[in-house]
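Visitor: File work-v2.txt follows (compact mmCIF, C-alpha atoms):
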# COMPACT_ATOMS: atom_id res chain seq x y z
CA MET F 1 -36.48 -11.32 -11.38
CA ASN F 2 -34.53 -8.89 -13.53
CA ASN F 3 -30.91 -9.21 -12.35
CA THR F 4 -29.76 -5.87 -13.71
CA ILE F 5 -26.17 -4.94 -12.77
CA SER F 6 -25.02 -1.33 -12.99
CA TYR F 7 -21.60 0.15 -12.28
CA GLU F 8 -21.06 3.61 -10.81
CA LEU F 9 -19.11 5.46 -8.14
CA VAL F 10 -20.48 4.64 -4.71
CA LYS F 11 -22.34 7.11 -2.54
CA GLU F 12 -21.24 8.34 0.87
CA ALA F 13 -24.14 6.36 2.36
CA ASP F 14 -22.56 3.15 1.00
CA ARG F 15 -19.44 3.46 3.19
CA GLU F 16 -20.46 0.84 5.74
CA ALA F 17 -21.63 -1.53 3.00
CA VAL F 18 -18.27 -1.20 1.21
CA LYS F 19 -16.46 -1.79 4.50
CA GLY F 20 -18.62 -4.83 5.19
CA LEU F 21 -17.75 -6.36 1.82
CA TRP F 22 -14.04 -5.76 2.50
CA GLN F 23 -14.26 -7.45 5.90
CA TYR F 24 -16.13 -10.42 4.45
CA CYS F 25 -13.77 -10.98 1.52
CA PHE F 26 -10.37 -10.27 3.06
CA THR F 27 -8.51 -11.40 6.17
CA ASP F 28 -7.42 -7.98 7.47
CA ASP F 29 -8.01 -7.39 11.15
CA ASP F 30 -10.39 -4.70 12.37
CA GLN F 31 -7.57 -2.28 13.29
CA PHE F 32 -6.26 -2.26 9.72
CA VAL F 33 -9.74 -1.93 8.20
CA GLN F 34 -10.58 1.06 10.38
CA TRP F 35 -7.24 2.69 9.52
CA TYR F 36 -7.60 2.01 5.80
CA PHE F 37 -11.09 3.47 5.58
CA GLN F 38 -9.93 6.54 7.48
CA HIS F 39 -6.79 7.25 5.41
CA TYR F 40 -7.39 5.78 1.94
CA TYR F 41 -11.05 5.21 1.29
CA SER F 42 -12.95 7.78 -0.77
CA PRO F 43 -16.31 7.42 -2.56
CA LEU F 44 -14.77 9.40 -5.43
CA ASN F 45 -12.27 6.56 -5.97
CA THR F 46 -14.57 3.60 -5.30
CA LEU F 47 -16.60 1.87 -8.01
CA GLY F 48 -19.68 -0.05 -6.93
CA ALA F 49 -21.50 -2.87 -8.69
CA TYR F 50 -25.22 -2.65 -7.97
CA LYS F 51 -27.45 -5.68 -8.51
CA ASN F 52 -31.13 -4.80 -8.44
CA GLY F 53 -30.16 -1.56 -6.72
CA GLN F 54 -28.17 -3.24 -3.93
CA LEU F 55 -24.37 -3.02 -3.57
CA ALA F 56 -23.01 -6.39 -4.71
CA GLY F 57 -19.35 -5.56 -5.25
CA SER F 58 -16.80 -2.77 -5.02
CA THR F 59 -13.35 -1.87 -6.26
CA GLN F 60 -11.13 1.02 -5.22
CA MET F 61 -8.83 3.03 -7.47
CA ILE F 62 -6.18 4.80 -5.37
CA PRO F 63 -4.45 7.63 -7.31
CA TYR F 64 -0.65 7.67 -7.51
CA THR F 65 1.95 9.44 -9.61
CA ILE F 66 4.75 7.29 -11.00
CA SER F 67 7.89 8.06 -12.97
CA LEU F 68 8.33 6.26 -16.26
CA ARG F 69 11.21 7.10 -18.60
CA GLY F 70 11.60 10.50 -17.01
CA CYS F 71 7.91 11.40 -17.23
CA ALA F 72 5.51 11.80 -14.32
CA LEU F 73 2.37 9.79 -15.13
CA GLU F 74 -0.89 9.60 -13.22
CA CYS F 75 -2.01 6.06 -12.48
CA GLY F 76 -4.62 4.16 -10.53
CA TYR F 77 -3.83 1.45 -8.02
CA ILE F 78 -6.67 -1.06 -8.01
CA VAL F 79 -7.33 -2.60 -4.61
CA GLY F 80 -10.18 -4.29 -2.75
CA VAL F 81 -11.85 -6.10 -5.65
CA ASP F 82 -14.66 -7.82 -3.76
CA THR F 83 -18.03 -9.37 -4.52
CA ALA F 84 -20.85 -10.39 -2.20
CA PRO F 85 -21.10 -14.19 -1.92
CA GLU F 86 -24.65 -14.31 -3.26
CA ALA F 87 -23.62 -12.36 -6.38
CA ARG F 88 -20.61 -14.40 -7.44
CA ARG F 89 -20.43 -16.04 -10.87
CA ASP F 90 -22.44 -13.15 -12.31
CA GLY F 91 -19.37 -11.64 -14.02
CA ILE F 92 -19.30 -8.76 -11.54
CA ALA F 93 -15.52 -8.79 -10.99
CA ARG F 94 -14.92 -8.66 -14.75
CA GLY F 95 -17.43 -5.83 -15.10
CA MET F 96 -15.87 -3.83 -12.26
CA LEU F 97 -12.36 -4.15 -13.71
CA TYR F 98 -13.61 -3.03 -17.13
CA HIS F 99 -15.43 -0.01 -15.68
CA CYS F 100 -12.43 0.87 -13.47
CA LEU F 101 -10.24 1.05 -16.57
CA GLU F 102 -12.85 3.20 -18.31
CA THR F 103 -12.95 5.53 -15.30
CA MET F 104 -9.16 5.80 -15.23
CA ARG F 105 -9.05 6.58 -18.95
CA ARG F 106 -11.47 9.45 -18.43
CA ARG F 107 -9.27 10.70 -15.58
CA GLN F 108 -6.17 10.39 -17.81
CA GLN F 109 -4.65 7.82 -15.50
CA LEU F 110 -2.65 6.00 -18.14
CA ILE F 111 -1.41 3.03 -16.10
CA ALA F 112 -3.32 0.60 -13.88
CA LEU F 113 -1.46 -1.17 -11.06
CA LEU F 114 -2.56 -3.86 -8.66
CA MET F 115 -1.16 -6.44 -6.25
CA PRO F 116 -2.87 -9.74 -7.11
CA PHE F 117 -3.94 -12.39 -4.62
CA GLU F 118 -3.34 -14.79 -7.49
CA GLY F 119 -1.68 -13.84 -10.75
CA SER F 120 -3.76 -16.22 -12.90
CA PHE F 121 -6.96 -14.38 -11.92
CA TYR F 122 -5.76 -11.22 -13.70
CA TYR F 123 -3.93 -12.71 -16.69
CA PRO F 124 -7.14 -12.92 -18.79
CA TYR F 125 -7.56 -9.16 -18.26
CA GLN F 126 -4.00 -8.60 -19.62
CA TRP F 127 -2.27 -7.57 -16.41
CA SER F 128 1.26 -8.91 -16.08
CA PHE F 129 3.77 -9.13 -13.26
CA CYS F 130 6.28 -6.27 -13.27
CA TYR F 131 7.70 -6.41 -9.73
CA PHE F 132 8.25 -9.60 -7.79
CA HIS F 133 11.33 -11.11 -6.14
CA HIS F 134 11.65 -14.18 -3.94
CA TRP F 135 14.92 -15.08 -2.26
CA ASP F 136 15.89 -18.26 -0.52
CA ILE F 137 17.94 -16.75 2.28
CA ASN F 138 20.86 -19.07 1.52
CA GLU F 139 21.19 -17.38 -1.88
CA LEU F 140 22.38 -14.26 -0.08
CA LYS F 141 25.47 -15.91 1.37
CA LEU F 142 27.64 -14.96 -1.61
CA GLN F 143 25.93 -11.61 -2.27
CA ARG F 144 26.26 -10.09 1.18
CA GLY F 145 29.22 -8.17 2.55
CA SER F 146 30.22 -6.53 5.79
CA TYR F 147 29.53 -2.82 5.43
CA GLY F 148 28.25 -0.07 7.70
CA GLU F 149 26.12 -0.28 10.81
CA MET F 150 22.38 -0.68 11.26
CA ARG F 151 20.13 1.33 13.56
CA PRO F 152 16.34 1.76 13.88
CA VAL F 153 14.75 4.57 11.88
CA ASN F 154 12.84 7.33 13.66
CA PRO F 155 9.93 7.92 11.22
CA GLN F 156 8.83 11.02 13.11
CA VAL F 157 11.85 13.04 11.96
CA GLU F 158 13.79 10.99 9.38
CA ILE F 159 11.36 10.75 6.45
CA PRO F 160 13.23 13.49 4.49
CA LEU F 161 16.46 11.52 4.99
CA LEU F 162 14.82 8.30 3.76
CA ASN F 163 13.36 10.11 0.78
CA ARG F 164 16.85 11.28 -0.26
CA ILE F 165 18.07 7.68 -0.20
CA TYR F 166 14.93 6.62 -2.09
CA GLU F 167 15.51 9.20 -4.83
CA THR F 168 19.21 8.31 -5.09
CA TYR F 169 18.35 4.62 -5.42
CA LEU F 170 15.84 5.33 -8.19
CA VAL F 171 18.11 7.36 -10.46
CA ASN F 172 17.97 5.70 -13.91
CA LYS F 173 15.11 3.42 -12.83
CA ASN F 174 11.53 3.30 -14.12
CA GLY F 175 8.08 2.65 -12.75
CA TYR F 176 8.50 4.01 -9.25
CA VAL F 177 6.10 6.07 -7.15
CA ILE F 178 6.88 9.77 -6.82
CA ARG F 179 6.25 9.72 -3.11
CA LYS F 180 4.86 12.53 -0.99
CA ASN F 181 5.30 12.96 2.75
CA ASP F 182 1.80 11.67 3.59
CA GLN F 183 2.48 8.52 1.58
CA TRP F 184 5.61 7.89 3.65
CA GLU F 185 3.57 8.40 6.82
CA ASN F 186 0.89 5.98 5.65
CA MET F 187 3.50 3.38 4.77
CA PHE F 188 5.00 3.55 8.26
CA ALA F 189 1.54 3.39 9.84
CA GLU F 190 0.75 0.26 7.82
CA LEU F 191 4.11 -1.27 8.74
CA LYS F 192 3.37 -0.67 12.42
CA MET F 193 0.08 -2.58 12.15
CA GLU F 194 2.01 -5.45 10.56
CA ASN F 195 4.33 -5.46 13.61
CA GLY F 196 7.09 -4.46 11.23
CA TYR F 197 10.55 -2.99 11.60
CA HIS F 198 12.53 -0.20 9.93
CA TYR F 199 16.32 0.06 9.92
CA LEU F 200 18.81 2.51 8.50
CA LEU F 201 22.27 1.60 7.20
CA GLU F 202 24.99 4.13 8.03
CA ALA F 203 28.69 4.18 7.15
CA ASP F 204 30.90 6.67 9.01
CA GLY F 205 27.72 8.36 10.21
CA LYS F 206 26.39 8.84 6.67
CA PRO F 207 22.96 7.31 5.79
CA GLU F 208 23.38 5.03 2.77
CA GLY F 209 20.42 2.62 2.81
CA TYR F 210 17.29 1.44 4.58
CA ILE F 211 15.03 -1.58 4.86
CA LEU F 212 11.37 -1.90 5.91
CA TYR F 213 10.13 -5.40 6.70
CA TYR F 214 7.96 -7.70 8.79
CA PHE F 215 7.74 -11.43 9.48
CA LYS F 216 4.98 -13.69 8.22
CA ASP F 217 4.78 -17.50 7.99
CA ASN F 218 8.51 -17.99 8.58
CA CYS F 219 9.31 -15.47 5.86
CA MET F 220 10.91 -12.04 6.05
CA MET F 221 8.58 -9.85 3.99
CA ILE F 222 10.53 -6.84 2.70
CA LYS F 223 8.16 -3.98 1.90
CA GLU F 224 10.99 -1.82 0.65
CA MET F 225 14.77 -1.72 0.52
CA ALA F 226 16.84 1.09 -1.00
CA TYR F 227 20.53 1.92 -1.08
CA CYS F 228 22.90 4.48 -2.54
CA HIS F 229 25.53 2.13 -4.00
CA TYR F 230 26.57 -1.51 -4.29
CA LYS F 231 28.44 -1.77 -0.98
CA ALA F 232 25.37 -0.48 0.86
CA ARG F 233 23.36 -3.18 -0.91
CA GLN F 234 25.80 -5.79 0.33
CA GLY F 235 25.46 -4.43 3.87
CA LEU F 236 21.66 -4.66 3.74
CA LEU F 237 21.80 -8.20 2.36
CA ASN F 238 24.17 -9.08 5.19
CA PHE F 239 21.56 -7.75 7.65
CA ILE F 240 18.88 -9.91 6.00
CA TYR F 241 21.17 -12.95 6.07
CA SER F 242 21.72 -12.47 9.79
CA HIS F 243 18.03 -13.39 10.23
CA ARG F 244 18.42 -16.90 8.79
CA SER F 245 17.77 -18.43 12.24
CA HIS F 246 14.25 -16.97 12.04
Can you present the structure in this file as structure tokens?
Guide:
Amino acid sequence: MNNTISYELVKEADREAVKGLWQYCFTDDDQFVQWYFQHYYSPLNTLGAYKNGQLAGSTQMIPYTISLRGCALECGYIVGVDTAPEARRDGIARGMLYHCLETMRRRQQLIALLMPFEGSFYYPYQWSFCYFHHWDINELKLQRGSYGEMRPVNPQVEIPLLNRIYETYLVNKNGYVIRKNDQWENMFAELKMENGYHYLLEADGKPEGYILYYFKDNCMMIKEMAYCHYKARQGLLNFIYSHRSH
């Protein structure tokens, strides 16, 4: 049999097949999968690998705008690299990554981002870690400080407030997402499905920091933390440290 593999954007009719590959390859529950394919999935941003005319793999390229050295740059966030079990070891993942980069070049998306399940899988393709931080909670003992008060965020009305903190935090920093309101909303929706929490740090009634997090495998997974100055950072670290009994 001629095992011809072709790479092209998927068709609308392939939606359920793409979803089925995602559910087979990843551990996300059905609620998250349904939400993801409603809010993020688009055939225009999904590359399919077709083996003998049948979908054998898919990869999604979510568009973002990031700031780098004062310039707004279009980029693609690669997610959902999956291959059908019967088609593995055919070089499909390598081929999809190559064709994703070619697609992004044509779209003038100059940077490719991804969150790896395992860093060593992507090293041969010349991706490198740029953001990763692991704390042992005891390391925070000398970095924390008593400052401000914490209260839950109301995402229905306080996204503009959080965005002001976010933009203040990112002054003189590089490589961050220029975030729109719908991206904030999607982030909070995803956090809710992770049974997560969102808290605001205030000092004298003034918002000066926030933290978004959830718990997994005896770890506190911080999706995002931002603050306006060093004392606010100390206050947020103090809040994290208060969870050491978890």
Visitor: Would you please work out which residue, of F:Phe215, F:Trp135, F:Tyr199, F:Phe26, is nearest to Val79 (chain F) when using only C-alpha atoms?
Guide: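 Nearest to Val79 (chain F): F:Phe26.
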Visitor: Can you pull out every residue within 12 Å of region 216-233 of chain F, counting all atoms listed in the file, but drop anything in the same chain fewer than 4 positions away, and send it as a ChimeraX atom specification?
Guide: /F:131-137,140,143-150,162-171,176,184,187-188,190-191,194-203,206-212,237-246
Visitor: Just checking: using only C-alpha atoms, which residue out of F:Glu185, F:Pro43, F:Arg179, F:Tyr36 ends up closest to Asn154 (chain F)?
Guide: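 That would be F:Glu185, the residue with the smallest distance to Asn154 (chain F).
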Visitor: Contacts of His39 (chain F) at 12 Å or less, counting only C-alpha atoms, minus same-chain residues fewer than 2 places along, as a ChimeraX atom specification?
Guide: /F:32-37,41-42,62,182-183,185-187,189-190
Visitor: Mind pulling up the distance from CA of Leu101 (chain F) to CA of Pro116 (chain F)?
Guide: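 Pair CA of Pro116 (chain F) / CA of Leu101 (chain F) returns 16.1 Å.
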Visitor: So what do you get for CA of Leu113 (chain F) versus CA of Asn45 (chain F), distance-wise?
Guide: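 Spanning CA of Leu113 (chain F) to CA of Asn45 (chain F) is a straight-line distance of 14.2 Å.
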Visitor: What does the distance from CA of Lys192 (chain F) to CA of Val153 (chain F) come to in Å, to one decimal?
Guide: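 CA of Val153 (chain F) lies 12.5 Å from CA of Lys192 (chain F).
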Visitor: Closest to Cys71 (chain F) among F:Leu21, F:Leu110, F:Gly95, F:Ser120, using only C-alpha atoms?
Guide: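 Residue with the minimum atom-to-atom distance to Cys71 (chain F): F:Leu110.
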Visitor: Missing atoms in region 182-195 of chain F: fill them in up to N, CA and C atoms and send the result as a PDB file, in the coordinates of the input.
Guide:
ATOM      1  N   ASP F 182       2.914  12.411   2.993  1.00  0.00           N
ATOM      2  CA  ASP F 182       1.800  11.670   3.590  1.00  0.00           C
ATOM      3  C   ASP F 182       1.819  10.210   3.179  1.00  0.00           C
ATOM      4  N   GLN F 183       2.376   9.907   2.001  1.00  0.00           N
ATOM      5  CA  GLN F 183       2.480   8.520   1.580  1.00  0.00           C
ATOM      6  C   GLN F 183       3.540   7.779   2.401  1.00  0.00           C
ATOM      7  N   TRP F 184       4.625   8.467   2.731  1.00  0.00           N
ATOM      8  CA  TRP F 184       5.610   7.890   3.650  1.00  0.00           C
ATOM      9  C   TRP F 184       4.951   7.597   5.000  1.00  0.00           C
ATOM     10  N   GLU F 185       4.206   8.567   5.511  1.00  0.00           N
ATOM     11  CA  GLU F 185       3.570   8.400   6.820  1.00  0.00           C
ATOM     12  C   GLU F 185       2.600   7.222   6.806  1.00  0.00           C
ATOM     13  N   ASN F 186       1.821   7.095   5.751  1.00  0.00           N
ATOM     14  CA  ASN F 186       0.890   5.980   5.650  1.00  0.00           C
ATOM     15  C   ASN F 186       1.611   4.641   5.566  1.00  0.00           C
ATOM     16  N   MET F 187       2.750   4.617   4.881  1.00  0.00           N
ATOM     17  CA  MET F 187       3.500   3.380   4.770  1.00  0.00           C
ATOM     18  C   MET F 187       4.025   2.933   6.133  1.00  0.00           C
ATOM     19  N   PHE F 188       4.510   3.893   6.919  1.00  0.00           N
ATOM     20  CA  PHE F 188       5.000   3.550   8.260  1.00  0.00           C
ATOM     21  C   PHE F 188       3.846   3.136   9.171  1.00  0.00           C
ATOM     22  N   ALA F 189       2.699   3.772   9.032  1.00  0.00           N
ATOM     23  CA  ALA F 189       1.540   3.390   9.840  1.00  0.00           C
ATOM     24  C   ALA F 189       1.107   1.961   9.518  1.00  0.00           C
ATOM     25  N   GLU F 190       1.111   1.625   8.225  1.00  0.00           N
ATOM     26  CA  GLU F 190       0.750   0.260   7.820  1.00  0.00           C
ATOM     27  C   GLU F 190       1.774  -0.740   8.333  1.00  0.00           C
ATOM     28  N   LEU F 191       3.050  -0.387   8.260  1.00  0.00           N
ATOM     29  CA  LEU F 191       4.110  -1.270   8.740  1.00  0.00           C
ATOM     30  C   LEU F 191       3.954  -1.529  10.243  1.00  0.00           C
ATOM     31  N   LYS F 192       3.567  -0.508  10.978  1.00  0.00           N
ATOM     32  CA  LYS F 192       3.370  -0.670  12.420  1.00  0.00           C
ATOM     33  C   LYS F 192       2.264  -1.678  12.707  1.00  0.00           C
ATOM     34  N   MET F 193       1.177  -1.636  11.939  1.00  0.00           N
ATOM     35  CA  MET F 193       0.080  -2.580  12.150  1.00  0.00           C
ATOM     36  C   MET F 193       0.471  -4.000  11.753  1.00  0.00           C
ATOM     37  N   GLU F 194       1.508  -4.126  10.928  1.00  0.00           N
ATOM     38  CA  GLU F 194       2.010  -5.450  10.560  1.00  0.00           C
ATOM     39  C   GLU F 194       3.095  -5.918  11.526  1.00  0.00           C
ATOM     40  N   ASN F 195       3.260  -5.167  12.631  1.00  0.00           N
ATOM     41  CA  ASN F 195       4.330  -5.460  13.610  1.00  0.00           C
ATOM     42  C   ASN F 195       5.686  -5.481  12.920  1.00  0.00           C
TER      43      ASN F 195
END
